[in-house]
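Trainee: Contents of query-v5.tsv (TSV, N, CA and C atoms) are given next:
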```
chain	number	residue	atom	x	y	z
A	1	MET	N	-15.74	1.42	-25.61
A	1	MET	CA	-16.35	2.11	-24.49
A	1	MET	C	-17.12	1.09	-23.66
A	2	SER	N	-17.15	1.35	-22.36
A	2	SER	CA	-17.89	0.44	-21.49
A	2	SER	C	-18.51	1.22	-20.34
A	3	GLN	N	-19.57	0.65	-19.82
A	3	GLN	CA	-20.29	1.26	-18.70
A	3	GLN	C	-20.20	0.31	-17.52
A	4	ILE	N	-19.83	0.84	-16.36
A	4	ILE	CA	-19.64	0.03	-15.17
A	4	ILE	C	-20.40	0.68	-14.01
A	5	HIS	N	-21.21	-0.10	-13.34
A	5	HIS	CA	-21.88	0.38	-12.13
A	5	HIS	C	-20.95	0.06	-10.96
A	6	LEU	N	-20.24	1.07	-10.48
A	6	LEU	CA	-19.15	0.87	-9.52
A	6	LEU	C	-19.61	0.25	-8.19
A	7	PRO	N	-20.72	0.70	-7.58
A	7	PRO	CA	-21.13	0.04	-6.33
A	7	PRO	C	-21.42	-1.46	-6.52
A	8	SER	N	-22.01	-1.82	-7.65
A	8	SER	CA	-22.28	-3.24	-7.91
A	8	SER	C	-20.97	-4.01	-8.09
A	9	ALA	N	-20.03	-3.41	-8.80
A	9	ALA	CA	-18.73	-4.06	-8.99
A	9	ALA	C	-18.05	-4.30	-7.65
A	10	ALA	N	-18.15	-3.33	-6.74
A	10	ALA	CA	-17.53	-3.48	-5.42
A	10	ALA	C	-18.22	-4.58	-4.61
A	11	GLN	N	-19.53	-4.66	-4.71
A	11	GLN	CA	-20.28	-5.66	-3.93
A	11	GLN	C	-19.99	-7.09	-4.38
A	12	THR	N	-19.58	-7.27	-5.62
A	12	THR	CA	-19.31	-8.62	-6.12
A	12	THR	C	-17.91	-9.11	-5.74
A	13	LEU	N	-17.08	-8.24	-5.21
A	13	LEU	CA	-15.72	-8.65	-4.83
A	13	LEU	C	-15.79	-9.60	-3.63
A	14	PRO	N	-14.97	-10.66	-3.63
A	14	PRO	CA	-15.04	-11.64	-2.55
A	14	PRO	C	-14.52	-11.14	-1.20
A	15	HIS	N	-13.68	-10.11	-1.21
A	15	HIS	CA	-13.09	-9.62	0.04
A	15	HIS	C	-13.11	-8.10	0.08
A	16	ALA	N	-13.39	-7.56	1.25
A	16	ALA	CA	-13.27	-6.11	1.46
A	16	ALA	C	-11.80	-5.72	1.40
A	17	TRP	N	-11.55	-4.49	1.05
A	17	TRP	CA	-10.20	-3.90	1.02
A	17	TRP	C	-9.30	-4.51	-0.05
A	18	ARG	N	-9.82	-5.31	-0.95
A	18	ARG	CA	-9.02	-5.82	-2.07
A	18	ARG	C	-9.63	-5.24	-3.33
A	19	SER	N	-8.92	-4.28	-3.89
A	19	SER	CA	-9.45	-3.56	-5.06
A	19	SER	C	-9.30	-4.40	-6.32
A	20	THR	N	-10.08	-4.02	-7.31
A	20	THR	CA	-9.94	-4.59	-8.64
A	20	THR	C	-9.92	-3.43	-9.64
A	21	VAL	N	-9.10	-3.56	-10.64
A	21	VAL	CA	-9.03	-2.55	-11.70
A	21	VAL	C	-10.24	-2.77	-12.61
A	22	VAL	N	-11.07	-1.72	-12.74
A	22	VAL	CA	-12.25	-1.81	-13.61
A	22	VAL	C	-12.03	-1.10	-14.94
A	23	GLY	N	-10.93	-0.35	-15.04
A	23	GLY	CA	-10.62	0.33	-16.30
A	23	GLY	C	-9.37	1.17	-16.18
A	24	ARG	N	-8.96	1.73	-17.33
A	24	ARG	CA	-7.81	2.63	-17.38
A	24	ARG	C	-8.20	3.82	-18.23
A	25	ALA	N	-7.74	4.99	-17.81
A	25	ALA	CA	-7.99	6.22	-18.57
A	25	ALA	C	-6.81	7.15	-18.37
A	26	ALA	N	-6.34	7.73	-19.45
A	26	ALA	CA	-5.23	8.69	-19.41
A	26	ALA	C	-4.03	8.14	-18.65
A	27	GLY	N	-3.79	6.84	-18.76
A	27	GLY	CA	-2.65	6.22	-18.11
A	27	GLY	C	-2.85	5.87	-16.65
A	28	ALA	N	-4.03	6.13	-16.11
A	28	ALA	CA	-4.31	5.86	-14.70
A	28	ALA	C	-5.20	4.63	-14.56
A	29	ASN	N	-5.00	3.90	-13.47
A	29	ASN	CA	-5.88	2.79	-13.11
A	29	ASN	C	-7.11	3.35	-12.41
A	30	LEU	N	-8.26	2.79	-12.72
A	30	LEU	CA	-9.49	3.09	-12.00
A	30	LEU	C	-9.87	1.80	-11.28
A	31	LYS	N	-9.80	1.86	-9.94
A	31	LYS	CA	-10.04	0.68	-9.11
A	31	LYS	C	-11.27	0.92	-8.24
A	32	VAL	N	-11.89	-0.15	-7.82
A	32	VAL	CA	-13.02	-0.06	-6.91
A	32	VAL	C	-12.83	-1.11	-5.81
A	33	LEU	N	-13.33	-0.79	-4.63
A	33	LEU	CA	-13.32	-1.75	-3.52
A	33	LEU	C	-14.43	-1.40	-2.56
A	34	ARG	N	-14.70	-2.32	-1.66
A	34	ARG	CA	-15.69	-2.04	-0.63
A	34	ARG	C	-14.98	-1.99	0.72
A	35	MET	N	-15.41	-1.03	1.50
A	35	MET	CA	-14.88	-0.85	2.85
A	35	MET	C	-15.85	-1.52	3.82
A	36	ASP	N	-15.33	-2.21	4.82
A	36	ASP	CA	-16.19	-3.00	5.71
A	36	ASP	C	-16.09	-2.62	7.19
A	37	ALA	N	-15.70	-1.40	7.49
A	37	ALA	CA	-15.59	-0.88	8.85
A	37	ALA	C	-14.32	-1.35	9.58
A	38	GLN	N	-13.54	-2.23	8.95
A	38	GLN	CA	-12.27	-2.64	9.55
A	38	GLN	C	-11.18	-1.65	9.14
A	39	ALA	N	-10.15	-1.54	9.95
A	39	ALA	CA	-9.03	-0.67	9.63
A	39	ALA	C	-8.20	-1.28	8.50
A	40	TYR	N	-7.52	-0.41	7.75
A	40	TYR	CA	-6.58	-0.86	6.71
A	40	TYR	C	-5.22	-0.25	7.05
A	41	PRO	N	-4.16	-1.05	7.05
A	41	PRO	CA	-2.86	-0.59	7.54
A	41	PRO	C	-2.21	0.51	6.69
A	42	ASP	N	-1.23	1.14	7.32
A	42	ASP	CA	-0.44	2.20	6.69
A	42	ASP	C	0.19	1.72	5.39
A	43	GLU	N	0.17	2.60	4.38
A	43	GLU	CA	0.87	2.32	3.13
A	43	GLU	C	1.42	3.63	2.59
A	44	ILE	N	2.34	3.51	1.66
A	44	ILE	CA	2.96	4.68	1.05
A	44	ILE	C	3.24	4.34	-0.42
A	45	HIS	N	3.08	5.32	-1.30
A	45	HIS	CA	3.29	5.09	-2.73
A	45	HIS	C	4.24	6.14	-3.29
A	46	ASP	N	4.84	5.82	-4.43
A	46	ASP	CA	5.71	6.79	-5.10
A	46	ASP	C	4.93	7.56	-6.17
A	47	PHE	N	3.61	7.60	-6.04
A	47	PHE	CA	2.73	8.33	-6.96
A	47	PHE	C	1.56	8.90	-6.16
A	48	ASP	N	0.96	9.97	-6.70
A	48	ASP	CA	-0.24	10.51	-6.09
A	48	ASP	C	-1.37	9.50	-6.23
A	49	GLU	N	-2.28	9.51	-5.26
A	49	GLU	CA	-3.41	8.58	-5.27
A	49	GLU	C	-4.68	9.35	-4.93
A	50	ALA	N	-5.69	9.22	-5.78
A	50	ALA	CA	-6.99	9.85	-5.53
A	50	ALA	C	-7.91	8.82	-4.90
A	51	LEU	N	-8.53	9.18	-3.78
A	51	LEU	CA	-9.46	8.31	-3.06
A	51	LEU	C	-10.83	8.97	-3.10
A	52	LEU	N	-11.74	8.39	-3.85
A	52	LEU	CA	-13.08	8.94	-4.07
A	52	LEU	C	-14.11	8.04	-3.40
A	53	VAL	N	-14.82	8.59	-2.43
A	53	VAL	CA	-15.86	7.83	-1.73
A	53	VAL	C	-17.17	7.99	-2.50
A	54	LEU	N	-17.69	6.89	-3.01
A	54	LEU	CA	-18.97	6.94	-3.73
A	54	LEU	C	-20.14	6.96	-2.76
A	55	ASP	N	-20.09	6.08	-1.78
A	55	ASP	CA	-21.12	6.05	-0.74
A	55	ASP	C	-20.47	5.61	0.56
A	56	GLY	N	-21.05	6.02	1.66
A	56	GLY	CA	-20.48	5.72	2.97
A	56	GLY	C	-19.50	6.80	3.41
A	57	GLN	N	-18.48	6.39	4.14
A	57	GLN	CA	-17.49	7.33	4.67
A	57	GLN	C	-16.16	6.62	4.89
A	58	MET	N	-15.08	7.32	4.58
A	58	MET	CA	-13.73	6.82	4.83
A	58	MET	C	-13.09	7.71	5.89
A	59	ASN	N	-12.50	7.07	6.90
A	59	ASN	CA	-11.77	7.77	7.95
A	59	ASN	C	-10.29	7.60	7.66
A	60	LEU	N	-9.73	8.57	6.98
A	60	LEU	CA	-8.35	8.51	6.51
A	60	LEU	C	-7.42	9.00	7.61
A	61	ASP	N	-6.38	8.24	7.89
A	61	ASP	CA	-5.39	8.60	8.90
A	61	ASP	C	-4.10	8.98	8.18
A	62	LEU	N	-3.73	10.25	8.29
A	62	LEU	CA	-2.53	10.78	7.65
A	62	LEU	C	-1.53	11.17	8.72
A	63	GLN	N	-0.67	10.24	9.07
A	63	GLN	CA	0.37	10.47	10.06
A	63	GLN	C	-0.21	11.04	11.35
A	64	GLY	N	-1.27	10.42	11.86
A	64	GLY	CA	-1.88	10.83	13.10
A	64	GLY	C	-2.99	11.86	12.97
A	65	ARG	N	-3.17	12.42	11.80
A	65	ARG	CA	-4.25	13.39	11.57
A	65	ARG	C	-5.39	12.67	10.88
A	66	ARG	N	-6.59	12.74	11.47
A	66	ARG	CA	-7.76	12.05	10.93
A	66	ARG	C	-8.55	12.97	10.01
A	67	VAL	N	-8.86	12.48	8.81
A	67	VAL	CA	-9.66	13.23	7.85
A	67	VAL	C	-10.85	12.36	7.47
A	68	GLN	N	-12.05	12.88	7.64
A	68	GLN	CA	-13.25	12.16	7.22
A	68	GLN	C	-13.58	12.56	5.78
A	69	VAL	N	-13.70	11.56	4.92
A	69	VAL	CA	-14.03	11.78	3.52
A	69	VAL	C	-15.39	11.14	3.30
A	70	GLY	N	-16.39	11.96	2.97
A	70	GLY	CA	-17.75	11.48	2.83
A	70	GLY	C	-18.14	11.18	1.40
A	71	ALA	N	-19.34	10.69	1.24
A	71	ALA	CA	-19.87	10.34	-0.08
A	71	ALA	C	-19.80	11.55	-1.01
A	72	GLY	N	-19.27	11.31	-2.20
A	72	GLY	CA	-19.13	12.38	-3.19
A	72	GLY	C	-17.88	13.21	-3.03
A	73	GLU	N	-17.04	12.88	-2.04
A	73	GLU	CA	-15.81	13.64	-1.82
A	73	GLU	C	-14.59	12.81	-2.24
A	74	VAL	N	-13.55	13.53	-2.62
A	74	VAL	CA	-12.29	12.90	-3.01
A	74	VAL	C	-11.16	13.50	-2.20
A	75	TYR	N	-10.19	12.67	-1.86
A	75	TYR	CA	-8.99	13.14	-1.18
A	75	TYR	C	-7.80	12.68	-2.01
A	76	ILE	N	-6.91	13.62	-2.34
A	76	ILE	CA	-5.70	13.30	-3.09
A	76	ILE	C	-4.55	13.14	-2.10
A	77	VAL	N	-4.02	11.95	-2.02
A	77	VAL	CA	-2.87	11.68	-1.16
A	77	VAL	C	-1.62	11.87	-2.00
A	78	PRO	N	-0.77	12.85	-1.65
A	78	PRO	CA	0.44	13.07	-2.44
A	78	PRO	C	1.42	11.90	-2.33
A	79	ALA	N	2.22	11.73	-3.35
A	79	ALA	CA	3.26	10.70	-3.33
A	79	ALA	C	4.13	10.87	-2.10
A	80	GLY	N	4.52	9.75	-1.50
A	80	GLY	CA	5.43	9.77	-0.36
A	80	GLY	C	4.78	10.01	0.99
A	81	VAL	N	3.47	10.20	1.04
A	81	VAL	CA	2.78	10.46	2.31
A	81	VAL	C	2.18	9.15	2.83
A	82	PRO	N	2.64	8.69	4.01
A	82	PRO	CA	2.04	7.48	4.59
A	82	PRO	C	0.58	7.75	4.93
A	83	HIS	N	-0.27	6.75	4.69
A	83	HIS	CA	-1.69	6.90	4.99
A	83	HIS	C	-2.29	5.53	5.30
A	84	ALA	N	-3.29	5.55	6.15
A	84	ALA	CA	-4.00	4.34	6.55
A	84	ALA	C	-5.48	4.70	6.63
A	85	VAL	N	-6.31	3.67	6.79
A	85	VAL	CA	-7.74	3.91	6.95
A	85	VAL	C	-8.14	3.37	8.32
A	86	ALA	N	-8.81	4.22	9.11
A	86	ALA	CA	-9.20	3.85	10.46
A	86	ALA	C	-10.51	3.07	10.46
A	87	GLU	N	-10.77	2.40	11.58
A	87	GLU	CA	-12.00	1.64	11.77
A	87	GLU	C	-13.22	2.53	11.53
A	88	GLY	N	-14.30	1.91	11.14
A	88	GLY	CA	-15.54	2.63	10.91
A	88	GLY	C	-15.75	3.07	9.48
A	89	SER	N	-14.73	2.93	8.65
A	89	SER	CA	-14.86	3.29	7.24
A	89	SER	C	-15.74	2.25	6.55
A	90	HIS	N	-16.70	2.72	5.77
A	90	HIS	CA	-17.64	1.79	5.15
A	90	HIS	C	-18.15	2.37	3.83
A	91	GLY	N	-18.59	1.50	2.93
A	91	GLY	CA	-19.15	1.94	1.66
A	91	GLY	C	-18.27	1.54	0.49
A	92	THR	N	-18.39	2.32	-0.58
A	92	THR	CA	-17.69	2.04	-1.83
A	92	THR	C	-16.61	3.10	-2.06
A	93	LEU	N	-15.40	2.64	-2.34
A	93	LEU	CA	-14.27	3.51	-2.57
A	93	LEU	C	-13.73	3.29	-3.98
A	94	VAL	N	-13.48	4.39	-4.68
A	94	VAL	CA	-12.81	4.35	-5.98
A	94	VAL	C	-11.40	4.89	-5.78
A	95	ILE	N	-10.43	4.19	-6.32
A	95	ILE	CA	-9.03	4.60	-6.23
A	95	ILE	C	-8.54	4.88	-7.66
A	96	ILE	N	-7.92	6.03	-7.83
A	96	ILE	CA	-7.33	6.39	-9.13
A	96	ILE	C	-5.84	6.55	-8.89
A	97	ASP	N	-5.06	5.69	-9.54
A	97	ASP	CA	-3.61	5.72	-9.36
A	97	ASP	C	-2.95	5.15	-10.61
A	98	ARG	N	-1.65	4.93	-10.50
A	98	ARG	CA	-0.99	4.33	-11.67
A	98	ARG	C	-0.50	2.95	-11.38
```
As structure tokens, please, write out the structure in this file.

Mentor:
Amino acid sequence: MSQIHLPSAAQTLPHAWRSTVVGRAAGANLKVLRMDAQAYPDEIHDFDEALLVLDGQMNLDLQGRRVQVGAGEVYIVPAGVPHAVAEGSHGTLVIIDR
């Protein structure tokens, strides 16, 4: 068992938008990253992805539809759905995927 302070882990990363795996549970990766108000380009996965904002706000762009995800909120992006992050997103993001 281990205890990880996720915001601190994100702050120690050398680059924004580059996640690091901090653990695995039930076959899923638990990743953390820091958002720095810059946009992140469109991506698509063959698996569902949970995006949990610990602090700050993420401006998620889903095929032209903007969704604001605030601190303490999670958004589940279904497999096969293109998604990007718009400018202004900031704070700590946890990603749960495989």

Trainee: Applying 7 Å and only C-alpha atoms, which residues near segment 56-61 of chain A remain after dropping the ones on its own chain fewer than 2 positions away? List them as a PDB file with N, CA and C atoms, in the coordinates of the input.

Mentor:
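Final output, result-v9.pdb:
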```
ATOM      1  N   VAL A  53     -14.820   8.590  -2.430  1.00  0.00           N
ATOM      2  CA  VAL A  53     -15.860   7.830  -1.730  1.00  0.00           C
ATOM      3  C   VAL A  53     -17.170   7.990  -2.500  1.00  0.00           C
ATOM      4  N   LEU A  54     -17.690   6.890  -3.010  1.00  0.00           N
ATOM      5  CA  LEU A  54     -18.970   6.940  -3.730  1.00  0.00           C
ATOM      6  C   LEU A  54     -20.140   6.960  -2.760  1.00  0.00           C
ATOM      7  N   GLN A  63      -0.670  10.240   9.070  1.00  0.00           N
ATOM      8  CA  GLN A  63       0.370  10.470  10.060  1.00  0.00           C
ATOM      9  C   GLN A  63      -0.210  11.040  11.350  1.00  0.00           C
ATOM     10  N   GLY A  64      -1.270  10.420  11.860  1.00  0.00           N
ATOM     11  CA  GLY A  64      -1.880  10.830  13.100  1.00  0.00           C
ATOM     12  C   GLY A  64      -2.990  11.860  12.970  1.00  0.00           C
ATOM     13  N   ARG A  65      -3.170  12.420  11.800  1.00  0.00           N
ATOM     14  CA  ARG A  65      -4.250  13.390  11.570  1.00  0.00           C
ATOM     15  C   ARG A  65      -5.390  12.670  10.880  1.00  0.00           C
ATOM     16  N   ARG A  66      -6.590  12.740  11.470  1.00  0.00           N
ATOM     17  CA  ARG A  66      -7.760  12.050  10.930  1.00  0.00           C
ATOM     18  C   ARG A  66      -8.550  12.970  10.010  1.00  0.00           C
ATOM     19  N   VAL A  67      -8.860  12.480   8.810  1.00  0.00           N
ATOM     20  CA  VAL A  67      -9.660  13.230   7.850  1.00  0.00           C
ATOM     21  C   VAL A  67     -10.850  12.360   7.470  1.00  0.00           C
ATOM     22  N   GLN A  68     -12.050  12.880   7.640  1.00  0.00           N
ATOM     23  CA  GLN A  68     -13.250  12.160   7.220  1.00  0.00           C
ATOM     24  C   GLN A  68     -13.580  12.560   5.780  1.00  0.00           C
ATOM     25  N   VAL A  69     -13.700  11.560   4.920  1.00  0.00           N
ATOM     26  CA  VAL A  69     -14.030  11.780   3.520  1.00  0.00           C
ATOM     27  C   VAL A  69     -15.390  11.140   3.300  1.00  0.00           C
ATOM     28  N   GLY A  70     -16.390  11.960   2.970  1.00  0.00           N
ATOM     29  CA  GLY A  70     -17.750  11.480   2.830  1.00  0.00           C
ATOM     30  C   GLY A  70     -18.140  11.180   1.400  1.00  0.00           C
ATOM     31  N   ALA A  71     -19.340  10.690   1.240  1.00  0.00           N
ATOM     32  CA  ALA A  71     -19.870  10.340  -0.080  1.00  0.00           C
ATOM     33  C   ALA A  71     -19.800  11.550  -1.010  1.00  0.00           C
ATOM     34  N   HIS A  83      -0.270   6.750   4.690  1.00  0.00           N
ATOM     35  CA  HIS A  83      -1.690   6.900   4.990  1.00  0.00           C
ATOM     36  C   HIS A  83      -2.290   5.530   5.300  1.00  0.00           C
ATOM     37  N   ALA A  84      -3.290   5.550   6.150  1.00  0.00           N
ATOM     38  CA  ALA A  84      -4.000   4.340   6.550  1.00  0.00           C
ATOM     39  C   ALA A  84      -5.480   4.700   6.630  1.00  0.00           C
ATOM     40  N   VAL A  85      -6.310   3.670   6.790  1.00  0.00           N
ATOM     41  CA  VAL A  85      -7.740   3.910   6.950  1.00  0.00           C
ATOM     42  C   VAL A  85      -8.140   3.370   8.320  1.00  0.00           C
ATOM     43  N   ALA A  86      -8.810   4.220   9.110  1.00  0.00           N
ATOM     44  CA  ALA A  86      -9.200   3.850  10.460  1.00  0.00           C
ATOM     45  C   ALA A  86     -10.510   3.070  10.460  1.00  0.00           C
ATOM     46  N   SER A  89     -14.730   2.930   8.650  1.00  0.00           N
ATOM     47  CA  SER A  89     -14.860   3.290   7.240  1.00  0.00           C
ATOM     48  C   SER A  89     -15.740   2.250   6.550  1.00  0.00           C
ATOM     49  N   HIS A  90     -16.700   2.720   5.770  1.00  0.00           N
ATOM     50  CA  HIS A  90     -17.640   1.790   5.150  1.00  0.00           C
ATOM     51  C   HIS A  90     -18.150   2.370   3.830  1.00  0.00           C
ATOM     52  N   GLY A  91     -18.590   1.500   2.930  1.00  0.00           N
ATOM     53  CA  GLY A  91     -19.150   1.940   1.660  1.00  0.00           C
ATOM     54  C   GLY A  91     -18.270   1.540   0.490  1.00  0.00           C
ATOM     55  N   THR A  92     -18.390   2.320  -0.580  1.00  0.00           N
ATOM     56  CA  THR A  92     -17.690   2.040  -1.830  1.00  0.00           C
ATOM     57  C   THR A  92     -16.610   3.100  -2.060  1.00  0.00           C
TER      58      THR A  92
END
```

Trainee: Grab the atom N of Trp17 of chain A to atom N of Phe47 of chain A distance for me, in Å with one decimal place.

Mentor: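 These two atoms are separated by 20.6 Å.
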
Trainee: Taking the DSSP assignment computed from this structure's backbone, write out as JSON, numbers by chain all residues of segment 21-65 of chain A that belong to strand (DSSP E or B).

Mentor: {"A": [21, 22, 23, 24, 25, 28, 29, 30, 31, 32, 33, 34, 35, 36, 40, 41, 42, 43, 49, 50, 51, 52, 53, 54, 55, 56, 57, 58, 59, 60, 61, 62, 65]}

Trainee: For a quick check of understanding, using only C-alpha atoms, which of A:Val81, A:Leu62, A:Ala50, A:Ala37 has the smallest distance to Val94 of chain A?

Mentor: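 The shortest atom-to-atom distance to Val94 of chain A comes from A:Ala50.
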
Trainee: Can you tell me how far atom C of Gln38 of chain A sits from atom C of Ala16 of chain A, in Å to one decimal?

Mentor: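 Atom-to-atom, atom C of Gln38 of chain A and atom C of Ala16 of chain A are spaced 8.8 Å apart.
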
Trainee: Could you list, as a list in words, every residue within 8 Å of Leu51 of chain A, counting all atoms listed in the file and ignoring same-chain residues fewer than 3 positions away?

Mentor: Asp48, Leu54, Val69, Glu73, Val74, Tyr75, Ile76, Val77, Leu93, Val94, Ile95, Ile96 and Asp97 of chain A

Trainee: Atom CA of Ser2 of chain A and atom CA of Arg34 of chain A, how far apart in Å?

Mentor: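 One can read the atom CA of Arg34 of chain A to atom CA of Ser2 of chain A distance as 21.1 Å.
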
Trainee: Just checking: using all atoms listed in the file, which residue out of A:Pro78, A:Thr20, A:Thr12, A:Gly72 ends up closest to Asp55 of chain A?

Mentor: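 Answer, going by the shortest atom-to-atom distance: A:Gly72.
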
Trainee: Counting all atoms listed in the file, which of A:Pro14, A:Gly88, A:Pro82, A:Gly23 gets nearest to Ile44 of chain A?

Mentor: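 Answer, going by the shortest atom-to-atom distance: A:Pro82.
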
Trainee: Near Ala28 of chain A, within 6 Å and counting only C-alpha atoms, which residues show up once chain neighbours fewer than 3 positions away are dropped, as a list in words?

Mentor: Arg24, Ala25, Asp97 and Arg98 of chain A

Trainee: Would you please work out which residue, of A:Arg18, A:His5, A:Glu87, A:Gly80, is nearest to Glu43 of chain A when using all atoms listed in the file?

Mentor: A:Gly80

Trainee: Name the residues of chain A that fall into alpha helix (DSSP H) according to DSSP on the backbone, using the chain letters and numbers of this document, as number ranges by chain.

Mentor: A: 6-11

Trainee: Could you give me the centre and size, in Å to one decimal, of an axis-aligned box around all listed atoms of segment 47-59 of chain A with 6 Å added on every side, as JSON?

Mentor:
```
{"center_x": -8.8, "center_y": 8.1, "center_z": 0.5, "size_x": 36.7, "size_y": 16.9, "size_z": 26.9}
```

Trainee: Which is closest to Ala10 of chain A among A:Gly27, A:Glu49, A:Met35, A:Ala79, if we use only N, CA and C atoms?

Mentor: A:Met35

Trainee: Could you rebuild segment 14-31 of chain A with N, CA, C and O atoms and give it back as an mmCIF file, keeping the file's coordinate frame?

Mentor:
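Okay, this is what ended up in selection.cif:
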```
data_model
loop_
_atom_site.group_PDB
_atom_site.id
_atom_site.type_symbol
_atom_site.label_atom_id
_atom_site.label_comp_id
_atom_site.auth_asym_id
_atom_site.auth_seq_id
_atom_site.Cartn_x
_atom_site.Cartn_y
_atom_site.Cartn_z
ATOM 1 N N PRO A 14 -14.970 -10.660 -3.630
ATOM 2 C CA PRO A 14 -15.040 -11.640 -2.550
ATOM 3 C C PRO A 14 -14.520 -11.140 -1.200
ATOM 4 O O PRO A 14 -14.896 -11.683 -0.160
ATOM 5 N N HIS A 15 -13.680 -10.110 -1.210
ATOM 6 C CA HIS A 15 -13.090 -9.620 0.040
ATOM 7 C C HIS A 15 -13.110 -8.100 0.080
ATOM 8 O O HIS A 15 -12.849 -7.436 -0.930
ATOM 9 N N ALA A 16 -13.390 -7.560 1.250
ATOM 10 C CA ALA A 16 -13.270 -6.110 1.460
ATOM 11 C C ALA A 16 -11.800 -5.720 1.400
ATOM 12 O O ALA A 16 -10.915 -6.543 1.647
ATOM 13 N N TRP A 17 -11.550 -4.490 1.050
ATOM 14 C CA TRP A 17 -10.200 -3.900 1.020
ATOM 15 C C TRP A 17 -9.300 -4.510 -0.050
ATOM 16 O O TRP A 17 -8.107 -4.257 -0.045
ATOM 17 N N ARG A 18 -9.820 -5.310 -0.950
ATOM 18 C CA ARG A 18 -9.020 -5.820 -2.070
ATOM 19 C C ARG A 18 -9.630 -5.240 -3.330
ATOM 20 O O ARG A 18 -10.692 -5.663 -3.777
ATOM 21 N N SER A 19 -8.920 -4.280 -3.890
ATOM 22 C CA SER A 19 -9.450 -3.560 -5.060
ATOM 23 C C SER A 19 -9.300 -4.400 -6.320
ATOM 24 O O SER A 19 -8.489 -5.329 -6.382
ATOM 25 N N THR A 20 -10.080 -4.020 -7.310
ATOM 26 C CA THR A 20 -9.940 -4.590 -8.640
ATOM 27 C C THR A 20 -9.920 -3.430 -9.640
ATOM 28 O O THR A 20 -10.616 -2.429 -9.438
ATOM 29 N N VAL A 21 -9.100 -3.560 -10.640
ATOM 30 C CA VAL A 21 -9.030 -2.550 -11.700
ATOM 31 C C VAL A 21 -10.240 -2.770 -12.610
ATOM 32 O O VAL A 21 -10.426 -3.845 -13.166
ATOM 33 N N VAL A 22 -11.070 -1.720 -12.740
ATOM 34 C CA VAL A 22 -12.250 -1.810 -13.610
ATOM 35 C C VAL A 22 -12.030 -1.100 -14.940
ATOM 36 O O VAL A 22 -12.836 -1.217 -15.841
ATOM 37 N N GLY A 23 -10.930 -0.350 -15.040
ATOM 38 C CA GLY A 23 -10.620 0.330 -16.300
ATOM 39 C C GLY A 23 -9.370 1.170 -16.180
ATOM 40 O O GLY A 23 -8.780 1.295 -15.106
ATOM 41 N N ARG A 24 -8.960 1.730 -17.330
ATOM 42 C CA ARG A 24 -7.810 2.630 -17.380
ATOM 43 C C ARG A 24 -8.200 3.820 -18.230
ATOM 44 O O ARG A 24 -8.898 3.682 -19.232
ATOM 45 N N ALA A 25 -7.740 4.990 -17.810
ATOM 46 C CA ALA A 25 -7.990 6.220 -18.570
ATOM 47 C C ALA A 25 -6.810 7.150 -18.370
ATOM 48 O O ALA A 25 -6.329 7.325 -17.239
ATOM 49 N N ALA A 26 -6.340 7.730 -19.450
ATOM 50 C CA ALA A 26 -5.230 8.690 -19.410
ATOM 51 C C ALA A 26 -4.030 8.140 -18.650
ATOM 52 O O ALA A 26 -3.343 8.857 -17.932
ATOM 53 N N GLY A 27 -3.790 6.840 -18.760
ATOM 54 C CA GLY A 27 -2.650 6.220 -18.110
ATOM 55 C C GLY A 27 -2.850 5.870 -16.650
ATOM 56 O O GLY A 27 -1.945 5.372 -16.000
ATOM 57 N N ALA A 28 -4.030 6.130 -16.110
ATOM 58 C CA ALA A 28 -4.310 5.860 -14.700
ATOM 59 C C ALA A 28 -5.200 4.630 -14.560
ATOM 60 O O ALA A 28 -6.055 4.358 -15.407
ATOM 61 N N ASN A 29 -5.000 3.900 -13.470
ATOM 62 C CA ASN A 29 -5.880 2.790 -13.110
ATOM 63 C C ASN A 29 -7.110 3.350 -12.410
ATOM 64 O O ASN A 29 -7.013 4.244 -11.570
ATOM 65 N N LEU A 30 -8.260 2.790 -12.720
ATOM 66 C CA LEU A 30 -9.490 3.090 -12.000
ATOM 67 C C LEU A 30 -9.870 1.800 -11.280
ATOM 68 O O LEU A 30 -10.152 0.784 -11.905
ATOM 69 N N LYS A 31 -9.800 1.860 -9.940
ATOM 70 C CA LYS A 31 -10.040 0.680 -9.110
ATOM 71 C C LYS A 31 -11.270 0.920 -8.240
ATOM 72 O O LYS A 31 -11.595 2.059 -7.911
#
```
